[in-house]
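Trainee: One file: upload.txt (compact mmCIF, C-alpha atoms).
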# COMPACT_ATOMS: atom_id res chain seq x y z
CA MET A 1 -48.58 -23.57 86.73
CA HIS A 2 -48.03 -27.23 85.83
CA LEU A 3 -51.71 -27.94 86.46
CA LEU A 4 -52.71 -25.05 84.18
CA LEU A 5 -50.45 -26.27 81.37
CA SER A 6 -51.73 -29.83 81.75
CA THR A 7 -55.32 -28.58 81.63
CA ARG A 8 -54.67 -26.56 78.47
CA SER A 9 -53.00 -29.54 76.82
CA GLY A 10 -55.83 -31.84 77.89
CA LEU A 11 -58.44 -29.48 76.46
CA ALA A 12 -56.55 -29.31 73.16
CA TYR A 13 -56.38 -33.11 72.93
CA ALA A 14 -60.09 -33.31 73.77
CA ALA A 15 -60.78 -30.82 70.97
CA LEU A 16 -58.73 -33.01 68.65
CA GLY A 17 -60.86 -36.01 69.59
CA ALA A 18 -64.01 -33.97 69.01
CA GLY A 19 -62.74 -32.99 65.57
CA ILE A 20 -62.18 -36.61 64.62
CA LEU A 21 -65.69 -37.50 65.86
CA SER A 22 -67.34 -34.34 64.54
CA PHE A 23 -69.71 -36.36 62.37
CA LEU A 24 -71.62 -37.27 65.56
CA PRO A 25 -74.49 -34.95 66.58
CA GLY A 26 -73.41 -32.16 68.92
CA VAL A 27 -69.71 -33.09 68.92
CA GLY A 28 -68.75 -30.20 66.64
CA GLU A 29 -70.27 -27.70 69.05
CA LEU A 30 -68.59 -29.42 72.01
CA GLY A 31 -65.24 -29.21 70.25
CA ALA A 32 -65.65 -25.46 69.74
CA VAL A 33 -66.36 -25.00 73.45
CA LEU A 34 -63.20 -26.96 74.29
CA VAL A 35 -61.15 -24.84 71.88
CA PHE A 36 -62.45 -21.60 73.41
CA ALA A 37 -61.66 -22.90 76.89
CA ALA A 38 -58.09 -23.82 75.92
CA ILE A 39 -57.61 -20.40 74.32
CA LEU A 40 -58.91 -18.47 77.32
CA LEU A 41 -56.66 -20.39 79.70
CA GLY A 42 -53.71 -19.45 77.48
CA TRP A 43 -54.60 -15.77 77.15
CA ARG A 44 -51.26 -14.61 78.60
CA ASP A 45 -49.36 -16.44 75.86
CA LEU A 46 -51.33 -14.92 72.98
CA ARG A 47 -49.62 -12.51 70.60
CA TRP A 48 -51.34 -9.19 69.88
CA VAL A 49 -52.58 -10.39 66.48
CA SER A 50 -54.12 -13.46 68.13
CA ARG A 51 -55.78 -11.33 70.79
CA MET A 52 -57.23 -9.01 68.17
CA LEU A 53 -58.55 -11.99 66.22
CA LEU A 54 -60.10 -13.49 69.35
CA VAL A 55 -61.87 -10.22 70.14
CA LEU A 56 -63.18 -10.11 66.57
CA VAL A 57 -64.40 -13.70 66.86
CA VAL A 58 -66.25 -12.91 70.10
CA LEU A 59 -67.88 -9.81 68.58
CA THR A 60 -68.94 -11.78 65.50
CA LEU A 61 -70.27 -14.53 67.75
CA ALA A 62 -72.39 -11.99 69.63
CA LEU A 63 -73.77 -10.55 66.38
CA ALA A 64 -74.57 -14.00 65.03
CA ALA A 65 -76.30 -14.98 68.28
CA VAL A 66 -78.62 -11.99 67.86
CA PHE A 67 -79.21 -11.93 64.09
CA THR A 68 -78.40 -15.40 62.68
CA PRO A 69 -78.24 -17.98 65.50
CA SER A 70 -78.91 -20.77 63.00
CA ALA A 71 -75.38 -20.22 61.58
CA LEU A 72 -73.60 -20.93 64.86
CA PRO A 73 -73.63 -24.78 64.73
CA ALA A 74 -72.00 -24.77 61.28
CA ALA A 75 -69.40 -22.23 62.42
CA ALA A 76 -68.64 -24.28 65.53
CA ALA A 77 -68.28 -27.46 63.49
CA SER A 78 -65.91 -25.71 61.06
CA MET A 79 -63.85 -24.43 63.99
CA THR A 80 -63.61 -27.92 65.47
CA ARG A 81 -62.65 -29.57 62.17
CA LEU A 82 -59.84 -27.15 61.30
CA THR A 83 -58.55 -27.06 64.87
CA ALA A 84 -58.30 -30.84 64.78
CA LEU A 85 -56.42 -30.54 61.49
CA ILE A 86 -53.73 -28.17 62.79
CA LEU A 87 -53.32 -30.17 66.01
CA THR A 88 -52.90 -33.40 64.06
CA VAL A 89 -50.36 -31.83 61.70
CA MET A 90 -48.39 -30.53 64.69
CA LEU A 91 -48.52 -33.99 66.27
CA LEU A 92 -47.14 -35.48 63.06
CA SER A 93 -44.44 -32.82 62.99
CA ALA A 94 -43.44 -33.54 66.59
CA MET A 95 -43.23 -37.25 65.89
CA LEU A 96 -41.16 -36.95 62.70
CA GLY A 97 -39.05 -34.16 64.17
CA ARG A 98 -37.29 -36.70 66.38
CA SER A 99 -36.36 -38.87 63.40
CA ALA A 100 -32.68 -39.64 62.83
CA ASP A 101 -33.29 -39.21 59.10
CA LEU A 102 -33.59 -35.44 59.49
CA GLY A 103 -29.91 -35.00 60.28
CA ALA A 104 -28.87 -36.92 57.18
CA ILE A 105 -31.29 -34.99 54.95
CA SER A 106 -30.24 -31.58 56.26
CA ARG A 107 -26.53 -32.39 55.85
CA GLN A 108 -27.08 -33.47 52.26
CA VAL A 109 -28.96 -30.32 51.22
CA PHE A 110 -26.05 -28.15 52.42
CA ALA A 111 -23.52 -29.95 50.24
CA GLY A 112 -22.35 -29.06 46.73
CA SER A 113 -21.62 -25.89 44.74
CA PRO A 114 -23.34 -22.59 45.68
CA MET A 115 -26.21 -23.01 43.19
CA VAL A 116 -26.70 -26.68 44.01
CA ARG A 117 -26.58 -25.88 47.72
CA TYR A 118 -29.19 -23.12 47.36
CA TYR A 119 -31.58 -25.34 45.43
CA GLY A 120 -30.92 -28.18 47.85
CA VAL A 121 -31.90 -25.98 50.80
CA ALA A 122 -34.95 -24.49 49.02
CA PHE A 123 -36.38 -27.73 47.64
CA GLY A 124 -35.34 -29.68 50.74
CA THR A 125 -37.19 -27.25 53.01
CA GLY A 126 -40.26 -27.40 50.77
CA PHE A 127 -40.15 -31.20 50.87
CA LEU A 128 -39.74 -31.36 54.65
CA SER A 129 -42.45 -28.73 55.17
CA MET A 130 -45.13 -31.14 53.97
CA PRO A 131 -45.06 -33.34 57.09
CA LEU A 132 -43.03 -31.12 59.46
CA ASN A 133 -44.67 -27.72 58.98
CA PHE A 134 -42.59 -25.19 61.02
CA GLY A 135 -40.35 -28.02 62.14
CA SER A 136 -38.64 -27.86 58.75
CA VAL A 137 -37.64 -24.23 59.37
CA GLY A 138 -36.32 -25.17 62.79
CA VAL A 139 -34.21 -28.02 61.41
CA MET A 140 -32.73 -26.03 58.54
CA ALA A 141 -32.20 -22.85 60.57
CA THR A 142 -30.29 -24.86 63.19
CA MET A 143 -27.96 -26.08 60.44
CA ILE A 144 -27.46 -22.47 59.27
CA ARG A 145 -26.70 -21.40 62.83
CA GLY A 146 -24.02 -24.08 62.98
CA GLU A 147 -22.45 -22.76 59.76
CA MET A 148 -22.54 -19.23 61.19
CA ASP A 149 -20.85 -20.37 64.40
CA ASP A 150 -18.07 -22.01 62.36
CA ARG A 151 -17.57 -19.44 59.60
CA GLY A 152 -19.51 -16.32 60.60
CA ASP A 153 -22.09 -14.33 58.66
CA THR A 154 -21.37 -15.03 54.97
CA ALA A 155 -23.17 -14.96 51.64
CA THR A 156 -23.48 -18.73 52.00
CA THR A 157 -25.49 -18.54 55.21
CA ARG A 158 -27.58 -15.64 53.90
CA ASN A 159 -28.41 -17.53 50.70
CA ALA A 160 -29.26 -20.60 52.74
CA SER A 161 -31.62 -18.47 54.83
CA ARG A 162 -33.25 -17.21 51.64
CA GLY A 163 -33.68 -20.82 50.54
CA VAL A 164 -35.31 -21.80 53.83
CA LEU A 165 -37.82 -18.94 53.69
CA ARG A 166 -38.70 -19.60 50.06
CA GLY A 167 -38.83 -23.36 50.49
CA PHE A 168 -41.28 -23.01 53.34
CA GLY A 169 -43.21 -20.42 51.33
CA ALA A 170 -43.62 -22.90 48.49
CA SER A 171 -45.34 -25.41 50.78
CA PRO A 172 -48.67 -23.50 51.05
CA ILE A 173 -48.76 -23.29 47.25
CA PHE A 174 -48.55 -27.00 46.48
CA SER A 175 -48.67 -29.24 49.57
CA PRO A 176 -51.85 -31.36 49.83
CA LEU A 177 -51.41 -31.31 53.63
CA SER A 178 -51.07 -27.52 54.00
CA ILE A 179 -53.69 -25.49 55.83
CA SER A 180 -53.78 -23.13 52.82
CA ILE A 181 -55.12 -25.75 50.42
CA VAL A 182 -57.46 -27.17 53.07
CA LEU A 183 -58.89 -23.73 53.85
CA THR A 184 -59.20 -22.85 50.16
CA ILE A 185 -61.10 -26.06 49.42
CA THR A 186 -63.27 -25.45 52.50
CA PHE A 187 -64.39 -21.98 51.40
CA VAL A 188 -64.44 -22.77 47.67
CA PRO A 189 -66.12 -26.19 47.79
CA ALA A 190 -66.69 -26.38 44.04
CA LEU A 191 -62.91 -26.59 43.60
CA LYS A 192 -61.34 -30.07 43.61
CA SER A 193 -58.07 -30.50 45.47
CA TRP A 194 -56.39 -32.40 42.62
CA GLU A 195 -57.31 -29.63 40.16
CA LEU A 196 -55.77 -27.00 42.39
CA ILE A 197 -52.59 -28.99 43.03
CA ALA A 198 -52.19 -29.78 39.31
CA VAL A 199 -51.85 -26.03 38.67
CA SER A 200 -50.16 -24.92 41.89
CA LEU A 201 -47.38 -27.58 41.93
CA PRO A 202 -45.72 -26.34 38.70
CA LEU A 203 -46.10 -22.77 39.99
CA ALA A 204 -44.30 -23.69 43.23
CA VAL A 205 -41.47 -25.38 41.32
CA VAL A 206 -41.01 -22.33 39.08
CA TYR A 207 -41.07 -20.09 42.17
CA LEU A 208 -38.24 -22.07 43.77
CA LEU A 209 -36.23 -22.17 40.54
CA VAL A 210 -36.56 -18.40 40.05
CA GLY A 211 -35.21 -17.92 43.56
CA GLY A 212 -31.77 -18.91 42.28
CA VAL A 213 -31.63 -15.58 40.44
CA PHE A 214 -32.47 -13.56 43.56
CA ARG A 215 -29.48 -14.47 45.72
CA GLU A 216 -26.06 -13.09 46.59
CA PRO A 217 -22.89 -14.07 44.73
CA GLU A 218 -20.78 -16.44 46.80
CA GLN A 219 -17.03 -16.79 46.77
CA PRO A 220 -16.31 -19.70 44.40
CA ASP A 221 -13.36 -20.86 46.46
CA LEU A 222 -15.25 -20.85 49.77
CA PRO A 223 -14.28 -24.08 51.53
CA VAL A 224 -17.30 -26.18 52.30
CA PRO A 225 -16.74 -29.25 54.47
CA GLU A 226 -17.93 -32.46 52.90
CA PRO A 227 -20.36 -34.24 55.21
CA ALA A 228 -19.59 -37.81 56.13
CA GLU A 229 -22.24 -39.73 54.21
CA PRO A 230 -22.63 -43.46 53.60
CA ALA A 231 -20.78 -44.73 50.55
CA SER A 232 -23.80 -46.44 49.03
CA ARG A 233 -26.13 -44.29 46.91
CA LEU A 234 -29.09 -46.25 48.27
CA GLN A 235 -28.01 -45.46 51.81
CA ARG A 236 -27.81 -41.76 50.96
CA LEU A 237 -31.27 -41.83 49.42
CA ALA A 238 -32.84 -43.93 52.18
CA PRO A 239 -33.82 -40.98 54.46
CA TRP A 240 -35.43 -39.17 51.53
CA LEU A 241 -37.25 -42.30 50.44
CA ARG A 242 -38.59 -42.95 53.94
CA PHE A 243 -39.92 -39.40 54.23
CA ALA A 244 -41.32 -39.57 50.70
CA GLY A 245 -43.03 -42.85 51.59
CA ILE A 246 -44.69 -41.28 54.63
CA ILE A 247 -45.83 -38.25 52.64
CA GLY A 248 -47.04 -40.44 49.78
CA ALA A 249 -49.02 -42.71 52.09
CA ILE A 250 -50.70 -39.73 53.76
CA CYS A 251 -51.57 -38.18 50.40
CA VAL A 252 -52.99 -41.44 49.03
CA ALA A 253 -55.08 -41.88 52.17
CA THR A 254 -56.26 -38.27 51.95
CA PHE A 255 -57.36 -38.50 48.31
CA SER A 256 -58.98 -41.88 48.93
CA LEU A 257 -60.98 -40.64 51.92
CA SER A 258 -62.07 -37.43 50.20
CA GLY A 259 -62.81 -39.16 46.89
CA ALA A 260 -64.02 -42.71 47.42
CA PHE A 261 -65.57 -42.06 50.85
CA ASP A 262 -66.79 -38.52 50.10
CA LEU A 263 -65.35 -36.98 53.27
CA SER A 264 -64.61 -33.26 53.42
CA TYR A 265 -61.01 -32.50 52.49
CA SER A 266 -60.18 -31.15 55.95
CA ARG A 267 -61.44 -34.32 57.65
CA ALA A 268 -59.61 -36.49 55.12
CA VAL A 269 -56.28 -34.75 55.87
CA THR A 270 -56.92 -34.94 59.62
CA LEU A 271 -57.69 -38.66 59.59
CA SER A 272 -54.74 -39.45 57.30
CA CYS A 273 -52.24 -37.54 59.43
CA PHE A 274 -53.71 -38.96 62.64
CA GLY A 275 -53.41 -42.47 61.21
CA ALA A 276 -49.74 -41.80 60.43
CA VAL A 277 -49.23 -40.60 64.02
CA LEU A 278 -50.81 -43.78 65.42
CA VAL A 279 -48.68 -45.98 63.17
CA GLY A 280 -45.56 -44.07 64.19
CA LEU A 281 -46.35 -44.40 67.88
CA ALA A 282 -47.00 -48.14 67.46
CA VAL A 283 -43.68 -48.62 65.66
CA ARG A 284 -41.82 -46.75 68.39
CA LYS A 285 -43.47 -48.75 71.11
CA ALA A 286 -42.63 -51.99 69.30
CA ARG A 287 -38.98 -50.91 69.19
CA GLY A 288 -39.00 -50.11 72.90
CA ALA A 289 -38.61 -46.36 72.38
CA PRO A 290 -40.68 -43.87 74.42
CA ALA A 291 -44.01 -43.11 72.75
CA GLN A 292 -45.17 -40.10 74.73
CA LEU A 293 -47.42 -37.49 73.19
CA PRO A 294 -46.13 -33.88 73.26
CA SER A 295 -47.86 -31.19 75.30
CA MET A 296 -50.34 -29.06 73.37
CA ALA A 297 -50.25 -26.23 75.93
CA PRO A 298 -48.01 -23.96 73.75
CA MET A 299 -50.56 -24.13 70.90
CA SER A 300 -52.78 -21.26 72.08
CA ASN A 301 -51.85 -18.93 69.21
CA GLU A 302 -52.40 -21.64 66.61
CA LEU A 303 -55.78 -22.49 68.14
CA VAL A 304 -56.89 -18.85 67.84
CA ILE A 305 -55.55 -18.29 64.35
CA VAL A 306 -56.77 -21.53 62.79
CA GLY A 307 -59.88 -22.28 64.83
CA GLY A 308 -60.93 -18.66 65.20
CA SER A 309 -60.44 -17.99 61.49
CA ALA A 310 -62.55 -21.01 60.57
CA PHE A 311 -65.33 -19.87 62.90
CA LEU A 312 -65.10 -16.33 61.59
CA GLY A 313 -65.02 -17.40 57.95
CA THR A 314 -68.20 -19.45 58.20
CA LEU A 315 -70.10 -16.59 59.84
CA ILE A 316 -68.70 -14.07 57.34
CA SER A 317 -69.94 -16.26 54.49
CA VAL A 318 -73.42 -16.23 56.02
CA PHE A 319 -73.34 -12.48 56.63
CA ALA A 320 -72.08 -11.82 53.10
CA ALA A 321 -74.82 -13.97 51.56
CA GLN A 322 -77.51 -12.18 53.57
CA TRP A 323 -76.10 -8.71 52.93
CA LEU A 324 -75.38 -9.17 49.23
CA GLY A 325 -78.41 -11.33 48.51
CA ALA A 326 -78.56 -14.83 47.08
CA GLY A 327 -78.45 -13.64 43.47
CA PHE A 328 -75.60 -11.14 43.84
CA SER A 329 -72.76 -11.29 41.33
CA LEU A 330 -69.99 -9.01 40.10
CA PRO A 331 -69.74 -7.74 36.52
CA GLY A 332 -67.98 -10.26 34.30
CA TRP A 333 -64.82 -8.15 33.99
CA ALA A 334 -64.51 -7.82 37.77
CA TYR A 335 -63.73 -11.49 38.44
CA PRO A 336 -60.36 -11.54 36.58
CA VAL A 337 -59.46 -8.24 38.26
CA ALA A 338 -60.37 -9.66 41.67
CA ALA A 339 -58.32 -12.81 40.96
CA PHE A 340 -55.32 -10.65 40.02
CA SER A 341 -55.75 -8.63 43.22
CA VAL A 342 -56.09 -11.53 45.68
CA PRO A 343 -52.34 -12.37 45.98
CA TRP A 344 -51.61 -8.67 46.57
CA VAL A 345 -54.28 -8.52 49.28
CA PHE A 346 -52.62 -11.46 51.05
CA PHE A 347 -49.19 -9.87 50.76
CA LEU A 348 -50.21 -6.39 51.92
CA GLY A 349 -52.11 -7.95 54.82
CA GLY A 350 -48.96 -9.85 55.75
CA MET A 351 -46.95 -6.63 55.68
CA LEU A 352 -49.42 -5.22 58.21
CA GLY A 353 -49.11 -8.26 60.47
CA PHE A 354 -52.20 -10.22 59.42
CA ASN A 355 -51.72 -13.98 59.30
CA PRO A 356 -52.57 -15.49 55.87
CA ILE A 357 -55.17 -17.67 57.59
CA VAL A 358 -57.10 -14.52 58.53
CA THR A 359 -56.79 -13.05 55.03
CA GLY A 360 -57.70 -16.38 53.45
CA THR A 361 -60.74 -16.70 55.67
CA LEU A 362 -62.02 -13.25 54.75
CA THR A 363 -61.23 -13.73 51.06
CA GLY A 364 -62.78 -17.17 50.81
CA GLY A 365 -65.75 -16.23 52.98
CA VAL A 366 -66.66 -13.24 50.80
CA LEU A 367 -65.59 -14.28 47.28
CA GLY A 368 -66.18 -18.04 47.47
CA PRO A 369 -70.01 -17.91 47.45
CA ILE A 370 -70.21 -15.41 44.55
CA TRP A 371 -67.43 -16.78 42.32
CA PRO A 372 -68.45 -18.39 38.98
CA VAL A 373 -68.40 -22.14 39.51
CA GLY A 374 -66.56 -22.78 36.28
CA ALA A 375 -63.75 -20.39 37.20
CA VAL A 376 -63.08 -21.39 40.82
CA LEU A 377 -59.61 -22.64 39.82
CA GLY A 378 -58.55 -19.03 39.25
CA LEU A 379 -59.65 -17.99 42.74
CA GLY A 380 -58.07 -21.04 44.37
CA MET A 381 -54.77 -20.50 42.59
CA ALA A 382 -54.75 -16.82 43.59
CA MET A 383 -55.36 -17.73 47.24
CA VAL A 384 -52.63 -20.35 47.61
CA ALA A 385 -50.11 -18.27 45.62
CA GLY A 386 -50.80 -15.21 47.74
CA TRP A 387 -50.56 -17.34 50.88
CA GLY A 388 -47.16 -18.76 49.94
CA LEU A 389 -45.65 -15.44 48.86
CA THR A 390 -46.87 -13.84 52.08
CA THR A 391 -45.36 -16.62 54.16
CA ALA A 392 -41.97 -16.26 52.46
CA GLY A 393 -41.75 -12.51 51.96
CA THR A 394 -43.30 -10.63 54.89
CA PRO A 395 -41.61 -9.78 58.21
CA TYR A 396 -44.41 -10.93 60.55
CA SER A 397 -44.82 -14.46 59.24
CA ALA A 398 -44.12 -17.16 61.80
CA ASN A 399 -41.33 -18.78 59.80
CA SER A 400 -39.51 -15.44 59.35
CA LEU A 401 -39.67 -14.81 63.09
CA LEU A 402 -38.49 -18.36 63.82
CA LEU A 403 -35.56 -17.96 61.43
CA GLU A 404 -34.71 -14.65 63.11
CA ARG A 405 -34.72 -16.26 66.53
CA LEU A 406 -32.49 -19.16 65.47
CA THR A 407 -30.02 -17.38 63.17
CA GLY A 408 -30.16 -13.73 64.23
CA TYR A 409 -31.05 -12.54 60.70
CA SER A 410 -33.65 -9.79 60.95
CA ALA A 411 -37.09 -10.80 59.67
CA ARG A 412 -37.56 -7.26 58.35
CA ASP A 413 -34.28 -7.40 56.43
CA ALA A 414 -35.21 -10.81 55.03
CA ALA A 415 -38.53 -9.46 53.77
CA LEU A 416 -37.53 -6.01 52.54
CA ARG A 417 -33.90 -6.46 51.47
CA TRP A 418 -33.67 -10.11 50.46
CA ASN A 419 -37.08 -10.98 49.08
CA LEU A 420 -38.99 -7.83 48.15
CA TRP A 421 -38.16 -7.67 44.43
CA MET A 422 -38.66 -11.39 44.00
CA SER A 423 -41.98 -11.13 45.85
CA VAL A 424 -43.17 -8.27 43.62
CA CYS A 425 -42.23 -10.16 40.44
CA CYS A 426 -43.94 -13.33 41.64
CA LEU A 427 -47.03 -11.40 42.75
CA LEU A 428 -47.32 -9.96 39.25
CA VAL A 429 -46.93 -13.36 37.60
CA SER A 430 -49.28 -15.21 39.96
CA GLY A 431 -51.87 -12.43 39.74
CA LEU A 432 -51.76 -12.46 35.94
CA LEU A 433 -52.00 -16.26 35.91
CA ALA A 434 -54.98 -16.27 38.29
CA GLY A 435 -56.70 -13.50 36.33
CA SER A 436 -56.09 -15.27 33.02
CA LEU A 437 -57.44 -18.57 34.37
CA THR A 438 -60.55 -16.80 35.63
CA LEU A 439 -61.05 -14.99 32.32
CA VAL A 440 -60.65 -18.15 30.24
CA LEU A 441 -62.78 -20.38 32.47
CA SER A 442 -65.61 -17.92 33.18
Please re-express this file's structure in structure tokens.
Mentor:
Amino acid sequence: MHLLLSTRSGLAYAALGAGILSFLPGVGELGAVLVFAAILLGWRDLRWVSRMLLVLVVLTLALAAVFTPSALPAAAASMTRLTALILTVMLLSAMLGRSADLGAISRQVFAGSPMVRYYGVAFGTGFLSMPLNFGSVGVMATMIRGEMDDRGDTATTRNASRGVLRGFGASPIFSPLSISIVLTITFVPALKSWELIAVSLPLAVVYLLVGGVFREPEQPDLPVPEPAEPASRLQRLAPWLRFAGIIGAICVATFSLSGAFDLSYSRAVTLSCFGAVLVGLAVRKARGAPAQLPSMAPMSNELVIVGGSAFLGTLISVFAAQWLGAGFSLPGWAYPVAAFSVPWVFFLGGMLGFNPIVTGTLTGGVLGPIWPVGAVLGLGMAMVAGWGLTTAGTPYSANSLLLERLTGYSARDAALRWNLWMSVCCLLVSGLLAGSLTLVLS
């Protein structure tokens, strides 16, 4: 068993290396082979959605091998690049997840009055989600579990759980390092990342602010222990500033690589995060701390969902172009309607158990090639908004299941009782905004 796990981890790291070197001839195809091998060795650990997706990828691969074999190298390269991205982000999360700053940050966001505490949890989770991904949910949910152990199931812990779900859901909407923005830019290449973030960041902030309305009343006299924090304001801010510095450096490197050096956005994010990992490992080694890399054996589901979706999306784009024809376009009125519908498609897919990566792949693969170039901002905004709302408000999302495992709060209750009305309101607003942008820019 140990040999099998080591082999799976080694194949994942080899795929990561292939993704970094994918600009070399043949390396993209080699990386895809390594990813498939790692996935097959981890078949027993795959969830049913991942197994269904893998079967769909294999069937699409067989069809492409017969009808459009020339599309396979591009699909393999896309699979390798996005697999390298998710592996690098998880490496970064594992490295930062052991930081002593996390404890100080999580204690601070749970302090204050009920409204301040809710916004602290929501915005704090969104902030930590940028480098930590699911690690942010784990950190915050552990703090909630501690509150529940001390005081039981209260409105305070339920509101904090709402804040965690919504904070993590905001990350796909605005974070330059999120797979949602990377995938959207990949399938809608005419869209610039800075344009998308300029629109999606205010939307994410409004989404988190509105969440304060959709929460339970808390007892005003509920005793909340004051955490022991350093007396100096600078000392209290130091953990936030260090994390902000890391995020800022990664973002600057990403925009520099994708802009000045004309790299694809996915490769720019991968190289920036990988550079941060190398720097972090070097700093740890210089301090005499252990600098071991984590095992990638448990990543089988992520490899299928991210890598398989990238492979599938590229082939679907080719199939759609051949089936619809190079000159195909929708009637002018249909584009705003489609933009309005995209967030709802994401959300309904999430309610049925489809990961947003799958929905985003299908949406971008079909609509990206036929969307008016001048109005791609409307499609991009619809995709990231739908992605975030699905992540926060559906019972099968990975963060909802993680929160359920750590706190005991049902993922179904969180989606249908806590978040449903907020999700519906935000779907209406984001759909109208995406449709209006498309109508104005077309």
Trainee: Restricting the calculation to all atoms listed in the file, which member of A:Leu352, A:Val337, A:Leu420, A:Ile173 is positioned closest to A:Arg215?
Mentor: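 Smallest distance to A:Arg215 is found for A:Leu420.
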Trainee: So which residues touch A:Gln322 within 12 Å, counting all atoms listed in the file, skipping near sequence neighbours fewer than 5 positions away, as a JSON list (two decimals) with C-alpha atoms, in the coordinates of the input?
Mentor:
[["chain", "number", "residue", "atom", "x", "y", "z"],
["A", 64, "ALA", "CA", -74.57, -14.00, 65.03],
["A", 67, "PHE", "CA", -79.21, -11.93, 64.09],
["A", 68, "THR", "CA", -78.40, -15.40, 62.68],
["A", 71, "ALA", "CA", -75.38, -20.22, 61.58],
["A", 315, "LEU", "CA", -70.10, -16.59, 59.84],
["A", 316, "ILE", "CA", -68.70, -14.07, 57.34],
["A", 317, "SER", "CA", -69.94, -16.26, 54.49],
["A", 327, "GLY", "CA", -78.45, -13.64, 43.47],
["A", 328, "PHE", "CA", -75.60, -11.14, 43.84],
["A", 366, "VAL", "CA", -66.66, -13.24, 50.80],
["A", 369, "PRO", "CA", -70.01, -17.91, 47.45]]
Trainee: So the first atom is atom CA of A:Gly393 and the second is atom CA of A:Arg405; what is the distance between them in Å, to one decimal place?
Mentor: 16.6 Å
Trainee: Go ahead and fit an axis-aligned box to every listed atom of stretch 110-115 of chain A plus 5 Å each side, and pass me the centre and edge lengths in Å, one decimal, as lines of an AutoDock Vina configuration file.
Mentor:
center_x = -23.9
center_y = -26.3
center_z = 47.8
size_x = 14.6
size_y = 17.4
size_z = 19.2
Trainee: What is the distance between atom CA of A:Val304 and atom CA of A:Met383, in Å to one decimal?
Mentor: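 Atom CA of A:Met383 lies 20.7 Å from atom CA of A:Val304.
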Trainee: If I take atom CA of A:Ile144 and atom CA of A:Gly126, how far is one from the other in Å, to one decimal?
Mentor: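 Atom CA of A:Ile144 sits 16.1 Å away from atom CA of A:Gly126.
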